[in-house]
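Peer 1: Just input04.txt, nothing more (compact mmCIF, C-alpha atoms):
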# COMPACT_ATOMS: atom_id res chain seq x y z
CA MET A 775 0.00 0.00 0.00
CA ASP A 776 1.47 3.35 -0.96
CA THR A 777 2.12 5.98 1.68
CA GLU A 778 -0.65 8.35 0.64
CA THR A 779 -3.29 5.63 0.79
CA TRP A 780 -1.97 4.40 4.14
CA ALA A 781 -1.97 7.91 5.58
CA ALA A 782 -5.54 8.51 4.38
CA LEU A 783 -6.73 5.21 5.88
CA THR A 784 -4.95 6.00 9.12
CA HIS A 785 -6.59 9.41 9.39
CA GLN A 786 -9.95 7.85 8.62
CA LEU A 787 -9.39 5.26 11.33
CA GLU A 788 -8.33 7.91 13.84
CA ASP A 789 -11.45 9.95 13.12
CA GLN A 790 -13.55 6.83 13.59
CA VAL A 791 -11.94 6.00 16.96
CA HIS A 792 -12.15 9.64 18.04
CA GLY A 793 -15.86 9.72 17.18
CA SER A 794 -15.40 12.90 15.12
CA PRO A 795 -12.64 14.39 12.97
CA VAL A 796 -9.40 14.59 14.94
CA PRO A 797 -8.72 18.30 15.55
CA ASP A 798 -6.09 19.80 13.28
CA GLU A 799 -4.12 21.02 16.30
CA HIS A 800 -3.80 17.39 17.50
CA ARG A 801 -2.39 16.27 14.18
CA THR A 802 -0.07 19.26 13.99
CA ALA A 803 1.20 18.63 17.53
CA ALA A 804 1.58 14.91 16.80
CA ARG A 805 3.53 15.64 13.62
CA ARG A 806 5.79 18.09 15.42
CA TRP A 807 6.41 15.58 18.21
CA ALA A 808 7.09 12.78 15.70
CA ARG A 809 9.65 14.86 13.79
CA SER A 810 11.36 15.84 17.00
CA ALA A 811 11.37 12.21 18.23
CA MET A 812 13.01 10.98 15.01
CA MET A 813 15.64 13.71 15.21
CA ARG A 814 16.35 12.84 18.84
CA ILE A 815 16.76 9.19 17.92
CA LYS A 816 19.10 10.03 15.07
CA ALA A 817 21.22 12.19 17.38
CA ASP A 818 21.14 9.73 20.27
CA ARG A 819 22.43 6.89 18.09
CA GLN A 820 25.63 8.89 17.62
CA THR A 821 26.31 9.55 21.30
CA PRO A 822 29.16 7.74 23.09
CA GLU A 823 26.72 6.70 25.84
CA HIS A 824 24.40 4.98 23.41
CA LYS A 825 27.24 3.32 21.53
CA ALA A 826 28.77 2.11 24.80
CA ALA A 827 25.47 0.68 26.06
CA ARG A 828 24.93 -1.10 22.77
CA ALA A 829 28.48 -2.45 22.63
CA ARG A 830 28.14 -3.65 26.22
CA ALA A 831 24.83 -5.41 25.54
CA LEU A 832 25.97 -7.03 22.31
CA GLY A 833 29.56 -7.56 23.40
CA GLU A 834 28.56 -9.47 26.48
CA ALA A 835 26.38 -11.66 24.33
CA ALA A 836 29.15 -12.32 21.80
CA MET B 1263 11.90 -12.77 9.10
CA THR B 1264 11.88 -10.20 6.33
CA ASP B 1265 14.72 -7.74 5.88
CA ASP B 1266 15.07 -5.92 9.17
CA SER B 1267 18.37 -4.16 8.37
CA TYR B 1268 16.89 -0.70 8.47
CA VAL B 1269 14.40 -1.12 11.29
CA ARG B 1270 14.72 1.92 13.52
CA LEU B 1271 11.49 1.68 15.50
CA LEU B 1272 10.09 -1.35 17.27
CA LEU B 1273 6.47 -1.02 18.36
CA ASP B 1274 5.62 -2.86 21.54
CA ALA B 1275 2.04 -3.96 22.25
CA SER B 1276 1.21 -0.67 23.98
CA ALA B 1277 2.32 1.28 20.89
CA ILE B 1278 0.53 -1.09 18.51
CA THR B 1279 -2.75 -0.73 20.37
CA SER B 1280 -2.31 3.06 20.35
CA TYR B 1281 -2.39 3.12 16.54
CA GLY B 1282 -5.63 4.85 15.57
CA VAL B 1283 -6.28 5.88 19.15
CA SER B 1284 -3.43 8.40 19.18
CA ALA B 1285 -2.45 10.39 16.10
CA ALA B 1286 1.14 10.24 17.36
CA VAL B 1287 1.66 6.65 16.13
CA GLY B 1288 0.58 7.33 12.56
CA GLU B 1289 2.56 10.56 12.39
CA LEU B 1290 5.65 8.83 13.76
CA LEU B 1291 5.44 6.10 11.13
CA LEU B 1292 4.94 8.68 8.40
CA GLN B 1293 8.25 10.21 9.45
CA LEU B 1294 9.96 7.11 8.07
CA GLU B 1295 9.42 8.51 4.60
CA PRO B 1296 12.30 10.44 3.10
CA GLU B 1297 11.71 14.00 2.05
CA GLU B 1298 12.12 13.08 -1.59
CA VAL B 1299 11.10 9.85 -3.25
CA ILE B 1300 14.15 7.90 -4.42
CA PRO B 1301 13.98 4.58 -6.32
CA HIS B 1302 14.48 1.50 -4.11
CA ASP B 1303 17.28 0.14 -6.31
CA ASP B 1304 19.48 3.19 -5.89
CA ASP B 1305 22.72 1.75 -4.46
CA SER B 1306 23.98 5.13 -3.38
CA LEU B 1307 21.09 5.46 -0.96
CA ASP B 1308 21.86 6.49 2.59
CA PRO B 1309 20.31 3.73 4.76
CA ASP B 1310 18.95 6.37 7.11
CA GLU B 1311 16.81 7.64 4.25
CA TRP B 1312 14.91 4.35 4.04
CA LEU B 1313 13.86 3.27 7.46
CA SER B 1314 11.38 0.65 8.57
CA PHE B 1315 9.51 -0.22 11.73
CA GLY B 1316 9.27 -3.64 13.27
CA MET B 1317 6.66 -5.52 15.26
CA THR B 1318 7.35 -8.88 16.80
CA THR B 1319 4.77 -11.57 16.25
CA PHE B 1320 4.45 -11.78 20.06
CA CYS B 1321 3.52 -8.09 20.27
CA LEU B 1322 0.95 -8.52 17.50
CA ALA B 1323 -0.55 -11.48 19.37
CA GLU B 1324 -0.51 -9.49 22.62
CA ALA B 1325 -2.45 -6.69 20.90
CA ILE B 1326 -5.13 -9.14 19.77
CA ALA B 1327 -5.29 -10.62 23.27
CA ALA B 1328 -5.83 -7.11 24.66
CA GLY B 1329 -8.92 -6.80 22.45
CA TYR B 1330 -7.39 -4.55 19.80
CA ALA B 1331 -9.46 -4.57 16.60
CA LEU B 1332 -8.07 -6.88 13.93
CA GLU B 1333 -9.16 -4.39 11.27
CA TYR B 1334 -6.86 -1.73 12.75
CA LEU B 1335 -4.04 -4.21 13.05
CA GLU B 1336 -4.36 -5.09 9.37
CA THR B 1337 -4.16 -1.43 8.37
CA LEU B 1338 -1.06 -0.97 10.51
CA ARG B 1339 0.54 -4.07 8.95
CA ALA B 1340 -0.26 -2.75 5.48
CA HIS B 1341 2.28 0.07 5.89
CA HIS B 1342 4.92 -0.68 3.27
CA ARG B 1343 7.69 -0.14 5.80
CA ALA B 1344 6.27 -2.61 8.32
CA VAL B 1345 8.49 -5.60 9.13
CA GLU B 1346 7.22 -8.55 11.15
CA ILE B 1347 9.81 -10.24 13.30
CA ALA B 1348 9.48 -13.80 14.59
CA PRO B 1349 11.62 -14.09 17.74
CA THR B 1350 12.68 -17.67 17.16
CA GLY B 1351 15.53 -17.05 14.73
CA SER B 1352 18.05 -15.47 17.08
CA TRP B 1353 17.72 -17.61 20.21
CA ARG B 1354 21.48 -18.20 20.66
CA GLU B 1355 22.42 -14.51 20.72
CA PHE B 1356 19.41 -13.63 22.83
CA GLY B 1357 20.21 -16.41 25.27
CA LEU B 1358 23.74 -15.09 25.72
CA TYR B 1359 22.39 -11.59 26.27
CA LEU B 1360 20.08 -12.92 28.98
CA LYS B 1361 22.93 -14.83 30.57
CA HIS B 1362 24.82 -11.58 31.14
CA ASN B 1363 21.79 -9.41 31.92
CA GLY B 1364 20.00 -11.27 34.66
CA ALA B 1365 17.77 -8.43 35.86
CA TRP B 1366 14.96 -9.22 33.45
CA THR B 1367 11.80 -10.82 34.79
CA ASN B 1368 9.77 -10.53 31.57
CA LEU B 1369 11.29 -12.48 28.71
CA HIS B 1370 9.48 -10.61 25.98
CA HIS B 1371 10.49 -7.19 27.30
CA ALA B 1372 14.05 -8.46 27.44
CA TYR B 1373 13.80 -9.68 23.86
CA LEU B 1374 12.53 -6.32 22.58
CA VAL B 1375 15.42 -4.49 24.22
CA TRP B 1376 17.97 -7.01 22.94
CA LEU B 1377 16.45 -6.67 19.46
CA ALA B 1378 16.66 -2.88 19.72
CA TYR B 1379 20.36 -3.13 20.58
CA HIS B 1380 20.89 -5.66 17.80
CA LEU B 1381 19.21 -3.52 15.12
CA ASP B 1382 20.28 -0.20 16.64
CA ALA B 1383 16.61 0.63 16.93
CA TYR B 1384 14.33 2.06 19.62
CA VAL B 1385 11.38 0.46 21.37
CA VAL B 1386 8.35 2.73 21.02
CA THR B 1387 6.17 2.32 24.07
CA ARG B 1388 3.70 3.93 26.44
CA THR B 1389 5.43 2.22 29.36
CA PRO B 1390 9.20 2.81 29.17
CA GLU B 1391 9.53 2.08 32.89
CA LEU B 1392 8.88 -1.60 32.18
CA TYR B 1393 12.13 -1.70 30.22
CA LEU B 1394 14.20 0.86 32.12
CA ALA B 1395 13.61 -0.96 35.40
CA SER B 1396 15.73 -3.85 34.14
CA ASP B 1397 18.13 -1.91 31.89
CA LYS B 1398 18.59 1.78 32.66
CA ASP B 1399 20.19 2.30 29.22
CA ALA B 1400 17.46 0.52 27.26
CA PRO B 1401 16.82 2.36 23.97
CA VAL B 1402 13.18 3.32 24.41
CA LEU B 1403 11.02 6.11 23.03
CA LEU B 1404 8.05 7.23 25.11
CA LEU B 1405 4.96 7.52 22.97
CA GLU B 1406 3.55 10.88 23.95
CA GLU B 1407 0.30 12.67 23.35
CA PRO B 1408 1.77 16.11 22.79
CA TRP B 1409 -1.53 17.96 22.64
CA ASP B 1410 -2.16 17.19 26.32
CA GLN B 1411 0.94 19.06 27.39
Write the structure described by the file as structure tokens, please.

Peer 2:
Amino acid sequence: MDTETWAALTHQLEDQVHGSPVPDEHRTAARRWARSAMMRIKADRQTPEHKAARARALGEAA
Amino acid sequence: MTDDSYVRLLLDASAITSYGVSAAVGELLLQLEPEEVIPHDDDSLDPDEWLSFGMTTFCLAEAIAAGYALEYLETLRAHHRAVEIAPTGSWREFGLYLKHNGAWTNLHHAYLVWLAYHLDAYVVTRTPELYLASDKDAPVLLLEEPWDQ
């Protein structure tokens, strides 16, 4: 399923669960949060702390 | 298991059952799309430009057990970046991880965190404390409802 169709179905589903159209401000806030979350993840993956924790977890299992 | 090389997000059962209920899940998954559409067979592609999200078959089953609508689950699974992961394939590595990380009391939570380390991904959840209690460094992302803040 292409992205546009999936997004439309998702919005339709959200409206259905919500019982009325999801307010635009909710979607805008959710989108802003999602962008920020992905950027935080991308940055966190590069930190020495994250790399050390990962190396420790996988290294101990090696 | 399908190709999980680029999985960056792992939805636990609490995140799966929030799909449709919270707009945050759908918006997060839409962020996996690159800004510009690039053909899949482009070898010069930066892996970070083509990310996927994973769901273990256990988490999917847990969502059904919790009463989550199958119809919603099917729509979530229809996302073209969805990867389903059967936990049986990596039992040796997971077993060794458990051997050296004895704090876990819930095997499935432990598996999700090990998988996140293995794939360099993050567990998306409403209940990060369930993971952080056993591994303070566990790569988890709290699923928020930003409009309540």

Peer 1: Tell me, as a PyMOL selection string, which residues lie within 12 Å of stretch 1394-1401 of chain B, counting only C-alpha atoms; anything in the same chain fewer than 2 positions away does not count.

Peer 2: (chain A and resi 814-816+818-819+823-831) or (chain B and resi 1270-1272+1359-1360+1362-1369+1371-1387+1389-1392+1403-1404)

Peer 1: Report as a PyMOL selection string the set of chain A residues whose atoms approach chain B to within 6 Å, with distances computed over all atoms listed in the file.

Peer 2: chain A and resi 775+787-788+800+803-805+808+828+835

Peer 1: Keeping only C-alpha atoms, write the selected residues to a file as an mmCIF file, in the frame of the given file.

Peer 2:
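Written file, again_13.cif:
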data_model
loop_
_atom_site.group_PDB
_atom_site.id
_atom_site.type_symbol
_atom_site.label_atom_id
_atom_site.label_comp_id
_atom_site.auth_asym_id
_atom_site.auth_seq_id
_atom_site.Cartn_x
_atom_site.Cartn_y
_atom_site.Cartn_z
ATOM 1 C CA MET A 775 0.000 0.000 0.000
ATOM 2 C CA LEU A 787 -9.390 5.260 11.330
ATOM 3 C CA GLU A 788 -8.330 7.910 13.840
ATOM 4 C CA HIS A 800 -3.800 17.390 17.500
ATOM 5 C CA ALA A 803 1.200 18.630 17.530
ATOM 6 C CA ALA A 804 1.580 14.910 16.800
ATOM 7 C CA ARG A 805 3.530 15.640 13.620
ATOM 8 C CA ALA A 808 7.090 12.780 15.700
ATOM 9 C CA ARG A 828 24.930 -1.100 22.770
ATOM 10 C CA ALA A 835 26.380 -11.660 24.330
#

Peer 1: What does the distance from atom CA of B:Ala1323 to atom CA of B:Leu1335 come to in Å, to one decimal?

Peer 2: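 Between these atoms lies a distance of 10.2 Å.
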
Peer 1: Taking the block just given, write chain A to a file that holds C-alpha atoms, as an mmCIF file, in the first residue's frame.

Peer 2:
data_model
loop_
_atom_site.group_PDB
_atom_site.id
_atom_site.type_symbol
_atom_site.label_atom_id
_atom_site.label_comp_id
_atom_site.auth_asym_id
_atom_site.auth_seq_id
_atom_site.Cartn_x
_atom_site.Cartn_y
_atom_site.Cartn_z
ATOM 1 C CA MET A 775 0.000 0.000 0.000
ATOM 2 C CA ASP A 776 1.467 3.350 -0.957
ATOM 3 C CA THR A 777 2.117 5.982 1.677
ATOM 4 C CA GLU A 778 -0.653 8.348 0.635
ATOM 5 C CA THR A 779 -3.289 5.627 0.788
ATOM 6 C CA TRP A 780 -1.974 4.395 4.143
ATOM 7 C CA ALA A 781 -1.975 7.911 5.578
ATOM 8 C CA ALA A 782 -5.543 8.508 4.379
ATOM 9 C CA LEU A 783 -6.731 5.205 5.877
ATOM 10 C CA THR A 784 -4.953 5.999 9.125
ATOM 11 C CA HIS A 785 -6.586 9.407 9.390
ATOM 12 C CA GLN A 786 -9.954 7.852 8.616
ATOM 13 C CA LEU A 787 -9.393 5.255 11.331
ATOM 14 C CA GLU A 788 -8.326 7.912 13.841
ATOM 15 C CA ASP A 789 -11.452 9.948 13.115
ATOM 16 C CA GLN A 790 -13.555 6.825 13.585
ATOM 17 C CA VAL A 791 -11.941 6.004 16.960
ATOM 18 C CA HIS A 792 -12.152 9.635 18.040
ATOM 19 C CA GLY A 793 -15.864 9.724 17.176
ATOM 20 C CA SER A 794 -15.401 12.903 15.124
ATOM 21 C CA PRO A 795 -12.635 14.387 12.972
ATOM 22 C CA VAL A 796 -9.404 14.592 14.938
ATOM 23 C CA PRO A 797 -8.718 18.299 15.554
ATOM 24 C CA ASP A 798 -6.093 19.800 13.283
ATOM 25 C CA GLU A 799 -4.124 21.016 16.303
ATOM 26 C CA HIS A 800 -3.802 17.389 17.504
ATOM 27 C CA ARG A 801 -2.395 16.270 14.180
ATOM 28 C CA THR A 802 -0.071 19.261 13.992
ATOM 29 C CA ALA A 803 1.200 18.627 17.528
ATOM 30 C CA ALA A 804 1.585 14.907 16.803
ATOM 31 C CA ARG A 805 3.531 15.644 13.624
ATOM 32 C CA ARG A 806 5.794 18.093 15.425
ATOM 33 C CA TRP A 807 6.411 15.577 18.211
ATOM 34 C CA ALA A 808 7.092 12.776 15.696
ATOM 35 C CA ARG A 809 9.646 14.860 13.787
ATOM 36 C CA SER A 810 11.355 15.836 16.999
ATOM 37 C CA ALA A 811 11.372 12.213 18.226
ATOM 38 C CA MET A 812 13.011 10.976 15.013
ATOM 39 C CA MET A 813 15.640 13.706 15.207
ATOM 40 C CA ARG A 814 16.348 12.839 18.843
ATOM 41 C CA ILE A 815 16.765 9.192 17.922
ATOM 42 C CA LYS A 816 19.104 10.026 15.070
ATOM 43 C CA ALA A 817 21.224 12.187 17.384
ATOM 44 C CA ASP A 818 21.137 9.725 20.274
ATOM 45 C CA ARG A 819 22.434 6.894 18.086
ATOM 46 C CA GLN A 820 25.632 8.889 17.623
ATOM 47 C CA THR A 821 26.314 9.554 21.300
ATOM 48 C CA PRO A 822 29.161 7.742 23.090
ATOM 49 C CA GLU A 823 26.723 6.705 25.840
ATOM 50 C CA HIS A 824 24.400 4.979 23.408
ATOM 51 C CA LYS A 825 27.244 3.325 21.530
ATOM 52 C CA ALA A 826 28.770 2.113 24.804
ATOM 53 C CA ALA A 827 25.472 0.679 26.063
ATOM 54 C CA ARG A 828 24.931 -1.097 22.768
ATOM 55 C CA ALA A 829 28.478 -2.447 22.631
ATOM 56 C CA ARG A 830 28.139 -3.648 26.216
ATOM 57 C CA ALA A 831 24.835 -5.406 25.538
ATOM 58 C CA LEU A 832 25.966 -7.029 22.306
ATOM 59 C CA GLY A 833 29.560 -7.563 23.404
ATOM 60 C CA GLU A 834 28.557 -9.471 26.477
ATOM 61 C CA ALA A 835 26.379 -11.661 24.327
ATOM 62 C CA ALA A 836 29.150 -12.317 21.804
#
